[in-house]
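Trainee: File coords00.pdb below, PDB, C-alpha atoms and all ligand atoms:
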```pdb
MODEL        1
ATOM      1  CA  MET A 181     193.842 192.009 183.944  1.00  0.00           C
ATOM      2  CA  LYS A 182     197.207 191.757 182.191  1.00  0.00           C
ATOM      3  CA  LEU A 183     198.052 188.648 184.235  1.00  0.00           C
ATOM      4  CA  LEU A 184     194.717 187.065 183.419  1.00  0.00           C
ATOM      5  CA  ALA A 185     195.232 187.778 179.750  1.00  0.00           C
ATOM      6  CA  SER A 186     198.662 186.172 179.747  1.00  0.00           C
ATOM      7  CA  ALA A 187     197.301 183.128 181.574  1.00  0.00           C
ATOM      8  CA  ALA A 188     194.657 182.828 178.869  1.00  0.00           C
ATOM      9  CA  LEU A 189     197.325 183.194 176.190  1.00  0.00           C
ATOM     10  CA  LEU A 190     199.416 180.495 177.857  1.00  0.00           C
ATOM     11  CA  ALA A 191     196.423 178.187 177.857  1.00  0.00           C
ATOM     12  CA  LEU A 192     195.879 178.981 174.191  1.00  0.00           C
ATOM     13  CA  SER A 193     199.499 178.384 173.237  1.00  0.00           C
ATOM     14  CA  SER A 194     199.613 175.019 174.999  1.00  0.00           C
ATOM     15  CA  MET A 195     196.491 174.063 173.043  1.00  0.00           C
ATOM     16  CA  ALA A 196     198.325 175.277 169.988  1.00  0.00           C
ATOM     17  CA  LEU A 197     200.875 172.502 170.543  1.00  0.00           C
ATOM     18  CA  VAL A 198     198.131 170.004 169.809  1.00  0.00           C
ATOM     19  CA  ALA A 199     196.754 171.831 166.801  1.00  0.00           C
ATOM     20  CA  ASP A 200     197.778 175.350 165.872  1.00  0.00           C
ATOM     21  CA  ALA A 201     194.329 176.725 165.287  1.00  0.00           C
ATOM     22  CA  HIS A 202     193.159 180.011 163.809  1.00  0.00           C
ATOM     23  CA  ILE A 203     190.262 180.219 161.265  1.00  0.00           C
ATOM     24  CA  SER A 204     188.830 178.056 158.491  1.00  0.00           C
ATOM     25  CA  PHE A 205     185.536 177.253 156.871  1.00  0.00           C
ATOM     26  CA  ARG A 206     183.281 175.078 158.980  1.00  0.00           C
ATOM     27  CA  TYR A 207     180.486 175.055 156.390  1.00  0.00           C
ATOM     28  CA  PRO A 208     180.776 174.202 153.593  1.00  0.00           C
ATOM     29  CA  CYS A 209     183.331 171.553 154.590  1.00  0.00           C
ATOM     30  CA  PRO A 210     186.964 172.536 154.109  1.00  0.00           C
ATOM     31  CA  ARG A 211     189.120 169.955 152.364  1.00  0.00           C
ATOM     32  CA  LYS A 212     190.238 167.029 154.551  1.00  0.00           C
ATOM     33  CA  ALA A 213     188.777 168.610 157.695  1.00  0.00           C
ATOM     34  CA  PRO A 214     188.392 166.482 160.837  1.00  0.00           C
ATOM     35  CA  TYR A 215     184.791 167.639 161.387  1.00  0.00           C
ATOM     36  CA  SER A 216     182.368 164.756 161.885  1.00  0.00           C
ATOM     37  CA  GLU A 217     179.822 166.123 159.408  1.00  0.00           C
ATOM     38  CA  CYS A 218     182.407 166.308 156.608  1.00  0.00           C
ATOM     39  CA  PRO A 219     183.447 163.672 154.035  1.00  0.00           C
ATOM     40  CA  LYS A 220     185.409 160.899 155.712  1.00  0.00           C
ATOM     41  CA  PRO A 221     188.751 159.414 154.694  1.00  0.00           C
ATOM     42  CA  ASN A 222     188.689 155.867 153.392  1.00  0.00           C
ATOM     43  CA  ASP A 223     190.663 153.181 155.255  1.00  0.00           C
ATOM     44  CA  ASN A 224     194.067 154.174 153.884  1.00  0.00           C
ATOM     45  CA  GLN A 225     193.524 157.951 154.109  1.00  0.00           C
ATOM     46  CA  TRP A 226     193.353 158.464 157.866  1.00  0.00           C
ATOM     47  CA  GLY A 227     196.836 159.950 157.852  1.00  0.00           C
ATOM     48  CA  GLU A 228     195.608 162.687 155.524  1.00  0.00           C
ATOM     49  CA  VAL A 229     193.059 164.159 157.944  1.00  0.00           C
ATOM     50  CA  ASP A 230     194.041 167.800 158.540  1.00  0.00           C
ATOM     51  CA  TYR A 231     193.831 168.512 162.261  1.00  0.00           C
ATOM     52  CA  ASP A 232     195.459 171.855 161.532  1.00  0.00           C
ATOM     53  CA  VAL A 233     192.814 172.936 159.055  1.00  0.00           C
ATOM     54  CA  GLN A 234     192.492 176.435 160.592  1.00  0.00           C
ATOM     55  CA  SER A 235     196.166 177.383 160.327  1.00  0.00           C
ATOM     56  CA  PRO A 236     197.463 179.891 157.750  1.00  0.00           C
ATOM     57  CA  VAL A 237     198.939 178.754 154.423  1.00  0.00           C
ATOM     58  CA  GLY A 238     201.917 181.041 154.825  1.00  0.00           C
ATOM     59  CA  THR A 239     203.475 184.188 156.161  1.00  0.00           C
ATOM     60  CA  TYR A 240     205.142 187.181 154.486  1.00  0.00           C
ATOM     61  CA  ASN A 241     208.414 185.240 154.117  1.00  0.00           C
ATOM     62  CA  HIS A 242     207.357 181.605 154.076  1.00  0.00           C
ATOM     63  CA  ILE A 243     204.890 179.431 152.189  1.00  0.00           C
ATOM     64  CA  SER A 244     203.845 176.488 154.348  1.00  0.00           C
ATOM     65  CA  ASP A 245     200.983 175.127 152.235  1.00  0.00           C
ATOM     66  CA  PRO A 246     199.637 175.639 148.739  1.00  0.00           C
ATOM     67  CA  ILE A 247     196.530 177.797 148.316  1.00  0.00           C
ATOM     68  CA  CYS A 248     193.626 175.581 149.524  1.00  0.00           C
ATOM     69  CA  LYS A 249     196.125 173.496 151.577  1.00  0.00           C
ATOM     70  CA  HIS A 250     194.986 170.301 149.820  1.00  0.00           C
ATOM     71  CA  SER A 251     194.473 169.514 146.160  1.00  0.00           C
ATOM     72  CA  SER A 252     191.303 167.508 146.782  1.00  0.00           C
ATOM     73  CA  SER A 253     188.674 166.527 149.330  1.00  0.00           C
ATOM     74  CA  PHE A 254     187.893 163.074 150.638  1.00  0.00           C
ATOM     75  CA  ALA A 255     185.215 161.444 148.501  1.00  0.00           C
ATOM     76  CA  GLY A 256     181.734 162.522 149.474  1.00  0.00           C
ATOM     77  CA  VAL A 257     178.746 164.569 148.493  1.00  0.00           C
ATOM     78  CA  ARG A 258     179.440 168.186 147.603  1.00  0.00           C
ATOM     79  CA  PRO A 259     176.737 170.640 148.590  1.00  0.00           C
ATOM     80  CA  THR A 260     174.898 172.251 145.660  1.00  0.00           C
ATOM     81  CA  PHE A 261     174.102 175.967 145.555  1.00  0.00           C
ATOM     82  CA  GLN A 262     172.077 177.963 143.052  1.00  0.00           C
ATOM     83  CA  ALA A 263     173.782 180.774 141.187  1.00  0.00           C
ATOM     84  CA  GLY A 264     172.509 184.012 142.701  1.00  0.00           C
ATOM     85  CA  SER A 265     171.913 182.437 146.092  1.00  0.00           C
ATOM     86  CA  THR A 266     173.768 183.143 149.299  1.00  0.00           C
ATOM     87  CA  ILE A 267     175.743 180.308 150.881  1.00  0.00           C
ATOM     88  CA  PRO A 268     175.137 180.382 154.655  1.00  0.00           C
ATOM     89  CA  ALA A 269     178.843 179.839 155.233  1.00  0.00           C
ATOM     90  CA  LYS A 270     180.188 179.415 158.748  1.00  0.00           C
ATOM     91  CA  MET A 271     183.730 179.884 159.957  1.00  0.00           C
ATOM     92  CA  ASP A 272     185.462 177.973 162.708  1.00  0.00           C
ATOM     93  CA  VAL A 273     187.097 180.772 164.687  1.00  0.00           C
ATOM     94  CA  ASP A 274     189.871 180.187 167.172  1.00  0.00           C
ATOM     95  CA  VAL A 275     191.143 183.774 167.426  1.00  0.00           C
ATOM     96  CA  ASN A 276     190.186 186.670 165.162  1.00  0.00           C
ATOM     97  CA  HIS A 277     193.473 188.654 165.064  1.00  0.00           C
ATOM     98  CA  ARG A 278     191.306 191.829 165.208  1.00  0.00           C
ATOM     99  CA  GLY A 279     189.856 191.058 161.812  1.00  0.00           C
ATOM    100  CA  GLY A 280     191.402 191.677 158.432  1.00  0.00           C
ATOM    101  CA  SER A 281     190.549 191.585 154.747  1.00  0.00           C
ATOM    102  CA  CYS A 282     188.572 188.674 153.290  1.00  0.00           C
ATOM    103  CA  GLN A 283     188.309 187.678 149.644  1.00  0.00           C
ATOM    104  CA  TRP A 284     186.175 184.852 148.339  1.00  0.00           C
ATOM    105  CA  ALA A 285     187.097 183.314 144.992  1.00  0.00           C
ATOM    106  CA  LEU A 286     185.702 180.575 142.762  1.00  0.00           C
ATOM    107  CA  SER A 287     187.619 178.153 140.579  1.00  0.00           C
ATOM    108  CA  TYR A 288     186.218 175.767 138.001  1.00  0.00           C
ATOM    109  CA  ASP A 289     189.615 174.190 137.234  1.00  0.00           C
ATOM    110  CA  ASN A 290     190.612 173.001 140.701  1.00  0.00           C
ATOM    111  CA  GLY A 291     192.501 176.129 141.633  1.00  0.00           C
ATOM    112  CA  LYS A 292     194.483 176.884 138.468  1.00  0.00           C
ATOM    113  CA  THR A 293     192.478 180.083 137.917  1.00  0.00           C
ATOM    114  CA  TRP A 294     190.419 182.003 140.424  1.00  0.00           C
ATOM    115  CA  VAL A 295     187.915 184.811 140.135  1.00  0.00           C
ATOM    116  CA  VAL A 296     186.963 186.906 143.159  1.00  0.00           C
ATOM    117  CA  ILE A 297     183.218 186.899 143.871  1.00  0.00           C
ATOM    118  CA  GLN A 298     183.125 188.880 147.129  1.00  0.00           C
ATOM    119  CA  ASP A 299     185.354 191.175 149.197  1.00  0.00           C
ATOM    120  CA  HIS A 300     185.165 192.353 152.770  1.00  0.00           C
ATOM    121  CA  PHE A 301     188.053 194.673 153.503  1.00  0.00           C
ATOM    122  CA  GLN A 302     189.634 195.826 156.771  1.00  0.00           C
ATOM    123  CA  ASP A 303     187.271 194.504 159.444  1.00  0.00           C
ATOM    124  CA  CYS A 304     186.311 191.057 158.165  1.00  0.00           C
ATOM    125  CA  LEU A 305     185.843 188.762 161.193  1.00  0.00           C
ATOM    126  CA  ALA A 306     186.801 191.569 163.594  1.00  0.00           C
ATOM    127  CA  ASN A 307     183.670 190.839 165.640  1.00  0.00           C
ATOM    128  CA  ALA A 308     183.927 187.047 165.499  1.00  0.00           C
ATOM    129  CA  PRO A 309     184.180 185.777 169.080  1.00  0.00           C
ATOM    130  CA  ALA A 310     187.112 183.502 169.929  1.00  0.00           C
ATOM    131  CA  GLY A 311     186.123 179.867 169.968  1.00  0.00           C
ATOM    132  CA  SER A 312     182.952 180.453 167.965  1.00  0.00           C
ATOM    133  CA  THR A 313     181.302 179.153 164.832  1.00  0.00           C
ATOM    134  CA  PHE A 314     180.695 182.426 163.050  1.00  0.00           C
ATOM    135  CA  SER A 315     178.289 183.125 160.160  1.00  0.00           C
ATOM    136  CA  LEU A 316     180.002 184.749 157.203  1.00  0.00           C
ATOM    137  CA  PRO A 317     177.700 184.375 154.179  1.00  0.00           C
ATOM    138  CA  VAL A 318     178.974 184.523 150.624  1.00  0.00           C
ATOM    139  CA  ARG A 319     176.860 185.187 147.554  1.00  0.00           C
ATOM    140  CA  ILE A 320     177.293 183.213 144.350  1.00  0.00           C
ATOM    141  CA  PRO A 321     176.938 185.551 141.339  1.00  0.00           C
ATOM    142  CA  ALA A 322     173.674 185.101 139.422  1.00  0.00           C
ATOM    143  CA  ASN A 323     175.579 184.486 136.167  1.00  0.00           C
ATOM    144  CA  ALA A 324     177.898 181.829 137.624  1.00  0.00           C
ATOM    145  CA  PRO A 325     178.227 178.834 135.286  1.00  0.00           C
ATOM    146  CA  SER A 326     177.059 175.394 136.422  1.00  0.00           C
ATOM    147  CA  GLY A 327     179.474 172.742 137.524  1.00  0.00           C
ATOM    148  CA  PRO A 328     181.761 171.504 140.249  1.00  0.00           C
ATOM    149  CA  ALA A 329     183.692 174.435 141.698  1.00  0.00           C
ATOM    150  CA  VAL A 330     186.061 175.279 144.521  1.00  0.00           C
ATOM    151  CA  LEU A 331     185.101 178.080 146.899  1.00  0.00           C
ATOM    152  CA  ASN A 332     188.185 179.694 148.425  1.00  0.00           C
ATOM    153  CA  TRP A 333     188.087 181.985 151.452  1.00  0.00           C
ATOM    154  CA  LEU A 334     191.210 184.121 151.706  1.00  0.00           C
ATOM    155  CA  TRP A 335     192.112 186.308 154.636  1.00  0.00           C
ATOM    156  CA  ASN A 336     194.895 188.671 155.607  1.00  0.00           C
ATOM    157  CA  ASN A 337     194.758 189.265 159.355  1.00  0.00           C
ATOM    158  CA  ASN A 338     195.180 192.710 160.931  1.00  0.00           C
ATOM    159  CA  GLU A 339     197.102 191.783 164.059  1.00  0.00           C
ATOM    160  CA  GLY A 340     199.885 189.332 164.764  1.00  0.00           C
ATOM    161  CA  ASN A 341     202.127 187.425 162.359  1.00  0.00           C
ATOM    162  CA  ARG A 342     201.753 188.644 158.792  1.00  0.00           C
ATOM    163  CA  GLU A 343     199.828 185.704 157.425  1.00  0.00           C
ATOM    164  CA  LEU A 344     197.618 184.524 154.602  1.00  0.00           C
ATOM    165  CA  TYR A 345     194.762 182.148 155.270  1.00  0.00           C
ATOM    166  CA  SER A 346     193.082 180.044 152.600  1.00  0.00           C
ATOM    167  CA  SER A 347     190.296 177.577 153.234  1.00  0.00           C
ATOM    168  CA  CYS A 348     188.682 175.734 150.338  1.00  0.00           C
ATOM    169  CA  ALA A 349     185.383 173.923 150.010  1.00  0.00           C
ATOM    170  CA  ASP A 350     184.308 171.738 147.109  1.00  0.00           C
ATOM    171  CA  ILE A 351     180.813 172.661 145.989  1.00  0.00           C
ATOM    172  CA  VAL A 352     178.539 172.353 142.972  1.00  0.00           C
ATOM    173  CA  ILE A 353     176.966 175.402 141.374  1.00  0.00           C
ATOM    174  CA  GLN A 354     173.676 175.197 139.564  1.00  0.00           C
ATOM    175  CA  GLY A 355     173.480 178.105 137.169  1.00  0.00           C
ATOM    176  CA  THR A 356     174.044 178.662 133.488  1.00  0.00           C
ATOM    177  CA  ASN A 357     175.115 175.620 131.475  1.00  0.00           C
ATOM    178  CA  GLY A 358     178.387 176.867 130.071  1.00  0.00           C
ATOM    179  CA  GLY A 359     179.383 180.471 130.288  1.00  0.00           C
ATOM    180  CA  SER A 360     181.868 182.760 131.849  1.00  0.00           C
ATOM    181  CA  LEU A 361     182.466 184.684 135.010  1.00  0.00           C
ATOM    182  CA  SER A 362     184.460 187.895 135.102  1.00  0.00           C
ATOM    183  CA  GLY A 363     186.065 189.736 137.967  1.00  0.00           C
ATOM    184  CA  VAL A 364     189.538 190.118 139.353  1.00  0.00           C
ATOM    185  CA  ALA A 365     192.086 187.501 140.306  1.00  0.00           C
ATOM    186  CA  PRO A 366     192.595 187.290 144.074  1.00  0.00           C
ATOM    187  CA  LEU A 367     195.509 188.931 145.877  1.00  0.00           C
ATOM    188  CA  PHE A 368     197.830 186.511 147.666  1.00  0.00           C
ATOM    189  CA  ALA A 369     199.527 188.918 150.067  1.00  0.00           C
ATOM    190  CA  ASN A 370     201.800 187.934 152.966  1.00  0.00           C
ATOM    191  CA  TYR A 371     202.415 184.642 151.210  1.00  0.00           C
ATOM    192  CA  GLY A 372     206.118 183.956 150.854  1.00  0.00           C
ATOM    193  CA  ALA A 373     209.117 186.133 150.020  1.00  0.00           C
ATOM    194  CA  GLY A 374     208.344 188.504 147.176  1.00  0.00           C
ATOM    195  CA  SER A 375     204.590 188.480 147.728  1.00  0.00           C
ATOM    196  CA  PRO A 376     202.892 191.826 148.373  1.00  0.00           C
ATOM    197  CA  TYR A 377     203.438 192.776 152.013  1.00  0.00           C
ATOM    198  CA  ILE A 378     200.611 194.095 154.163  1.00  0.00           C
ATOM    199  CA  PRO A 379     201.969 195.426 157.464  1.00  0.00           C
ATOM    200  CA  GLU A 380     200.332 194.881 160.829  1.00  0.00           C
ATOM    201  CA  ARG A 381     197.547 197.404 160.841  1.00  0.00           C
ATOM    202  CA  ALA A 382     196.879 199.583 163.821  1.00  0.00           C
ATOM    203  CA  VAL A 383     193.282 199.152 164.919  1.00  0.00           C
ATOM    204  CA  SER A 384     192.934 202.933 164.519  1.00  0.00           C
ATOM    205  CA  GLY A 385     193.677 202.666 160.803  1.00  0.00           C
ATOM    206  CA  GLY A 386     196.736 202.580 158.621  1.00  0.00           C
ATOM    207  CA  ASN A 387     198.009 200.690 155.633  1.00  0.00           C
ATOM    208  CA  TRP A 388     195.771 197.674 155.096  1.00  0.00           C
ATOM    209  CA  GLY A 389     197.051 196.949 151.594  1.00  0.00           C
ATOM    210  CA  LYS A 390     194.483 198.951 149.629  1.00  0.00           C
ATOM    211  CA  GLN A 391     196.953 199.607 146.797  1.00  0.00           C
ATOM    212  CA  TYR A 392     197.443 195.866 146.268  1.00  0.00           C
ATOM    213  CA  PHE A 393     193.740 195.041 146.358  1.00  0.00           C
ATOM    214  CA  ASP A 394     193.074 197.894 143.925  1.00  0.00           C
ATOM    215  CA  ALA A 395     195.714 196.498 141.559  1.00  0.00           C
ATOM    216  CA  ARG A 396     194.208 193.016 141.232  1.00  0.00           C
ATOM    217  CA  LYS A 397     194.107 191.961 137.587  1.00  0.00           C
ATOM    218  CA  PRO A 398     190.847 191.460 135.696  1.00  0.00           C
ATOM    219  CA  ILE A 399     190.140 187.851 134.802  1.00  0.00           C
ATOM    220  CA  THR A 400     187.431 185.939 132.967  1.00  0.00           C
ATOM    221  CA  VAL A 401     186.982 182.236 133.528  1.00  0.00           C
ATOM    222  CA  THR A 402     185.085 180.299 130.897  1.00  0.00           C
ATOM    223  CA  VAL A 403     183.343 177.012 131.581  1.00  0.00           C
ATOM    224  CA  PRO A 404     182.399 174.842 128.596  1.00  0.00           C
ATOM    225  CA  PRO A 405     178.789 173.662 128.396  1.00  0.00           C
ATOM    226  CA  ARG A 406     178.270 170.270 129.983  1.00  0.00           C
ATOM    227  CA  GLN A 407     176.966 167.510 127.758  1.00  0.00           C
ATOM    228  CA  LEU A 408     173.470 166.744 128.876  1.00  0.00           C
ATOM    229  CA  LYS A 409     172.740 163.046 129.077  1.00  0.00           C
ATOM    230  CA  ARG A 410     170.888 161.940 125.964  1.00  0.00           C
ATOM    231  CA  GLN A 411     167.350 161.074 126.813  1.00  0.00           C
ATOM    232  CA  VAL A 412     166.393 157.663 125.524  1.00  0.00           C
ATOM    233  CA  VAL A 413     162.688 157.742 124.970  1.00  0.00           C
ATOM    234  CA  PRO A 414     161.268 154.258 124.748  1.00  0.00           C
ATOM    235  CA  LEU A 415     159.083 153.705 121.714  1.00  0.00           C
ATOM    236  CA  ASN A 416     155.925 151.884 122.534  1.00  0.00           C
TER     237      ASN A 416
HETATM  238 CU    CU B 501     195.890 182.863 163.744  1.00  0.00          CU
ENDMDL
END
```
Just give me the structure as structure tokens.
Ligand SMILES: [Cu+2]

Mentor:
Amino acid sequence: MKLLASAALLALSSMALVADAHISFRYPCPRKAPYSECPKPNDNQWGEVDYDVQSPVGTYNHISDPICKHSSSFAGVRPTFQAGSTIPAKMDVDVNHRGGSCQWALSYDNGKTWVVIQDHFQDCLANAPAGSTFSLPVRIPANAPSGPAVLNWLWNNNEGNRELYSSCADIVIQGTNGGSLSGVAPLFANYGAGSPYIPERAVSGGNWGKQYFDARKPITVTVPPRQLKRQVVPLN
């Protein structure tokens, strides 16, 4: 059994040479993903396709990518979701690292400020089979303002390297025209030297970083009302 497992690991690590793969959004499309159903690069953007879209953005002592990995998507249609509805999000799972803690956050200013809209602590993705596309729905708050927004999935894994994952999808929310959304700012743990450190958690329990999640700061993001196009009513 042990031998078989190491053979499987070897196979995995040689695949990892091609693209070090872990977990990302599959739907909605993560920024610059190579998936065929996602927005395509234009002729001079092919070098920007992210074949490593599932890899973490950093570890406890190293930041390899900014939160979201990319500051924009390729041009294309963003999916629209109603405030109060549940996005049938799907994750592209390579290995699940025995789960971890997920946070989902929204930004209306392209990632300058984030507000957490959903948490799933300790066993998030723990039952996601390796090599699967795994359903992990996320609910948009009913009072979410309308407008283009970034949905950010954040994940601290339980087992293995102490990593932070961040996968971002550009979406449009149809809700209140102008308004605010309150919650807490997300925790970016295991993300570079000096970031809060969550140790590898024994499957039987242990320190999963509760004190850091509990200490997240309240935040309110305010979205100005969007100018509605003036209706020109023909006189006749
Ligand atoms: Cu991984």

Trainee: Quick one: apply the PyMOL selection byres (((chain A and resi 287-299) around 6) and not hetatm) to the file and drop the selected residues here as JSON, numbers by chain.

Mentor: {"A": [282, 283, 284, 285, 286, 300, 329, 330, 363, 364, 365, 366]}

Trainee: What residues of the protein or nucleic acid chains come within 8 Å of ligand CU 501 (chain B) when you use only C-alpha atoms and all ligand atoms? Reply as a list in words.

Mentor: Ala201, His202, Ile203, Gln234, Ser235, Pro236, Asp274, Val275, Asn276, His277, Asn337, Gly340, Asn341 and Glu343 of chain A

Trainee: Might you pull out every residue within 12 Å of segment 250-260 of chain A, with all atoms listed in the file counted and same-chain residues fewer than 4 positions away left off, and present them as an MDAnalysis selection string?

Mentor: chainID A and resid 207:214 217:230 232:233 237 244:246 265:269 289:292 320 326:332 346:355

Trainee: Enter the distance from atom CA of Arg319 of chain A to atom CA of Phe301 of chain A, in Å, rounded to one decimal.

Mentor: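 Separating atom CA of Arg319 of chain A from atom CA of Phe301 of chain A is a distance of 15.8 Å.
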
Trainee: Taking only C-alpha atoms into account, which of A:Phe205, A:Tyr231, A:Tyr345, A:Phe261 comes nearest Tyr371 of chain A?

Mentor: A:Tyr345

Trainee: I'd like the interatomic distance between atom CA of Asp272 of chain A and atom CA of Thr313 of chain A, to a tenth of an Å.

Mentor: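 Value for the atom CA of Asp272 of chain A-atom CA of Thr313 of chain A distance: 4.8 Å.
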
Trainee: Please, what distance in Å, to one decimal, runs between atom CA of Tyr392 of chain A and atom CA of Ala306 of chain A?

Mentor: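 If I compute the distance from atom CA of Tyr392 of chain A to atom CA of Ala306 of chain A, I get 20.8 Å.
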
Trainee: Report as a CSV table (one decimal) with C-alpha atoms, in the frame of the given file the full result of the PyMOL selection byres (((chain A and resi 380) around 6) and not hetatm) when it is applied to this structure.

Mentor:
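Final output, part-v8.csv:
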```
chain,number,residue,atom,x,y,z
A,338,ASN,CA,195.2,192.7,160.9
A,339,GLU,CA,197.1,191.8,164.1
A,379,PRO,CA,202.0,195.4,157.5
A,381,ARG,CA,197.5,197.4,160.8
```

Trainee: Go through A:Ser204, A:Gln391, A:Gln262, A:Ser360 and flag the residue nearest Ile378 of chain A, using only C-alpha atoms for the distances.

Mentor: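 For Ile378 of chain A, the nearest of the given residues is A:Gln391.
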
Trainee: Since the input has fewer atoms than a full residue there, write segment 212-225 of chain A out with N, CA and C atoms, as a PDB file, in the frame of the given file.

Mentor:
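Done, and the output landed in out-v7.pdb:
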```
ATOM      1  N   LYS A 212     189.554 167.934 153.616  1.00  0.00           N
ATOM      2  CA  LYS A 212     190.238 167.029 154.551  1.00  0.00           C
ATOM      3  C   LYS A 212     190.100 167.449 156.016  1.00  0.00           C
ATOM      4  N   ALA A 213     189.006 168.152 156.320  1.00  0.00           N
ATOM      5  CA  ALA A 213     188.777 168.610 157.695  1.00  0.00           C
ATOM      6  C   ALA A 213     188.425 167.429 158.596  1.00  0.00           C
ATOM      7  N   PRO A 214     188.708 167.558 159.894  1.00  0.00           N
ATOM      8  CA  PRO A 214     188.392 166.482 160.837  1.00  0.00           C
ATOM      9  C   PRO A 214     186.954 166.542 161.355  1.00  0.00           C
ATOM     10  N   TYR A 215     186.151 167.479 160.855  1.00  0.00           N
ATOM     11  CA  TYR A 215     184.791 167.639 161.387  1.00  0.00           C
ATOM     12  C   TYR A 215     183.923 166.437 161.045  1.00  0.00           C
ATOM     13  N   SER A 216     183.124 166.006 162.024  1.00  0.00           N
ATOM     14  CA  SER A 216     182.368 164.756 161.885  1.00  0.00           C
ATOM     15  C   SER A 216     181.343 164.817 160.756  1.00  0.00           C
ATOM     16  N   GLU A 217     180.848 166.017 160.446  1.00  0.00           N
ATOM     17  CA  GLU A 217     179.822 166.123 159.408  1.00  0.00           C
ATOM     18  C   GLU A 217     180.429 166.175 157.998  1.00  0.00           C
ATOM     19  N   CYS A 218     181.738 166.152 157.904  1.00  0.00           N
ATOM     20  CA  CYS A 218     182.407 166.308 156.608  1.00  0.00           C
ATOM     21  C   CYS A 218     182.763 164.954 155.993  1.00  0.00           C
ATOM     22  N   PRO A 219     183.052 164.934 154.678  1.00  0.00           N
ATOM     23  CA  PRO A 219     183.447 163.672 154.035  1.00  0.00           C
ATOM     24  C   PRO A 219     184.584 162.983 154.791  1.00  0.00           C
ATOM     25  N   LYS A 220     184.461 161.678 154.900  1.00  0.00           N
ATOM     26  CA  LYS A 220     185.409 160.899 155.712  1.00  0.00           C
ATOM     27  C   LYS A 220     186.508 160.296 154.832  1.00  0.00           C
ATOM     28  N   PRO A 221     187.695 160.103 155.437  1.00  0.00           N
ATOM     29  CA  PRO A 221     188.751 159.414 154.694  1.00  0.00           C
ATOM     30  C   PRO A 221     188.368 157.943 154.516  1.00  0.00           C
ATOM     31  N   ASN A 222     188.864 157.314 153.453  1.00  0.00           N
ATOM     32  CA  ASN A 222     188.689 155.867 153.392  1.00  0.00           C
ATOM     33  C   ASN A 222     189.795 155.207 154.228  1.00  0.00           C
ATOM     34  N   ASP A 223     189.804 153.876 154.295  1.00  0.00           N
ATOM     35  CA  ASP A 223     190.663 153.181 155.255  1.00  0.00           C
ATOM     36  C   ASP A 223     192.146 153.555 155.177  1.00  0.00           C
ATOM     37  N   ASN A 224     192.635 153.847 153.962  1.00  0.00           N
ATOM     38  CA  ASN A 224     194.067 154.174 153.884  1.00  0.00           C
ATOM     39  C   ASN A 224     194.338 155.674 153.803  1.00  0.00           C
ATOM     40  N   GLN A 225     193.342 156.491 154.176  1.00  0.00           N
ATOM     41  CA  GLN A 225     193.524 157.951 154.109  1.00  0.00           C
ATOM     42  C   GLN A 225     193.515 158.622 155.481  1.00  0.00           C
TER      43      GLN A 225
END
```
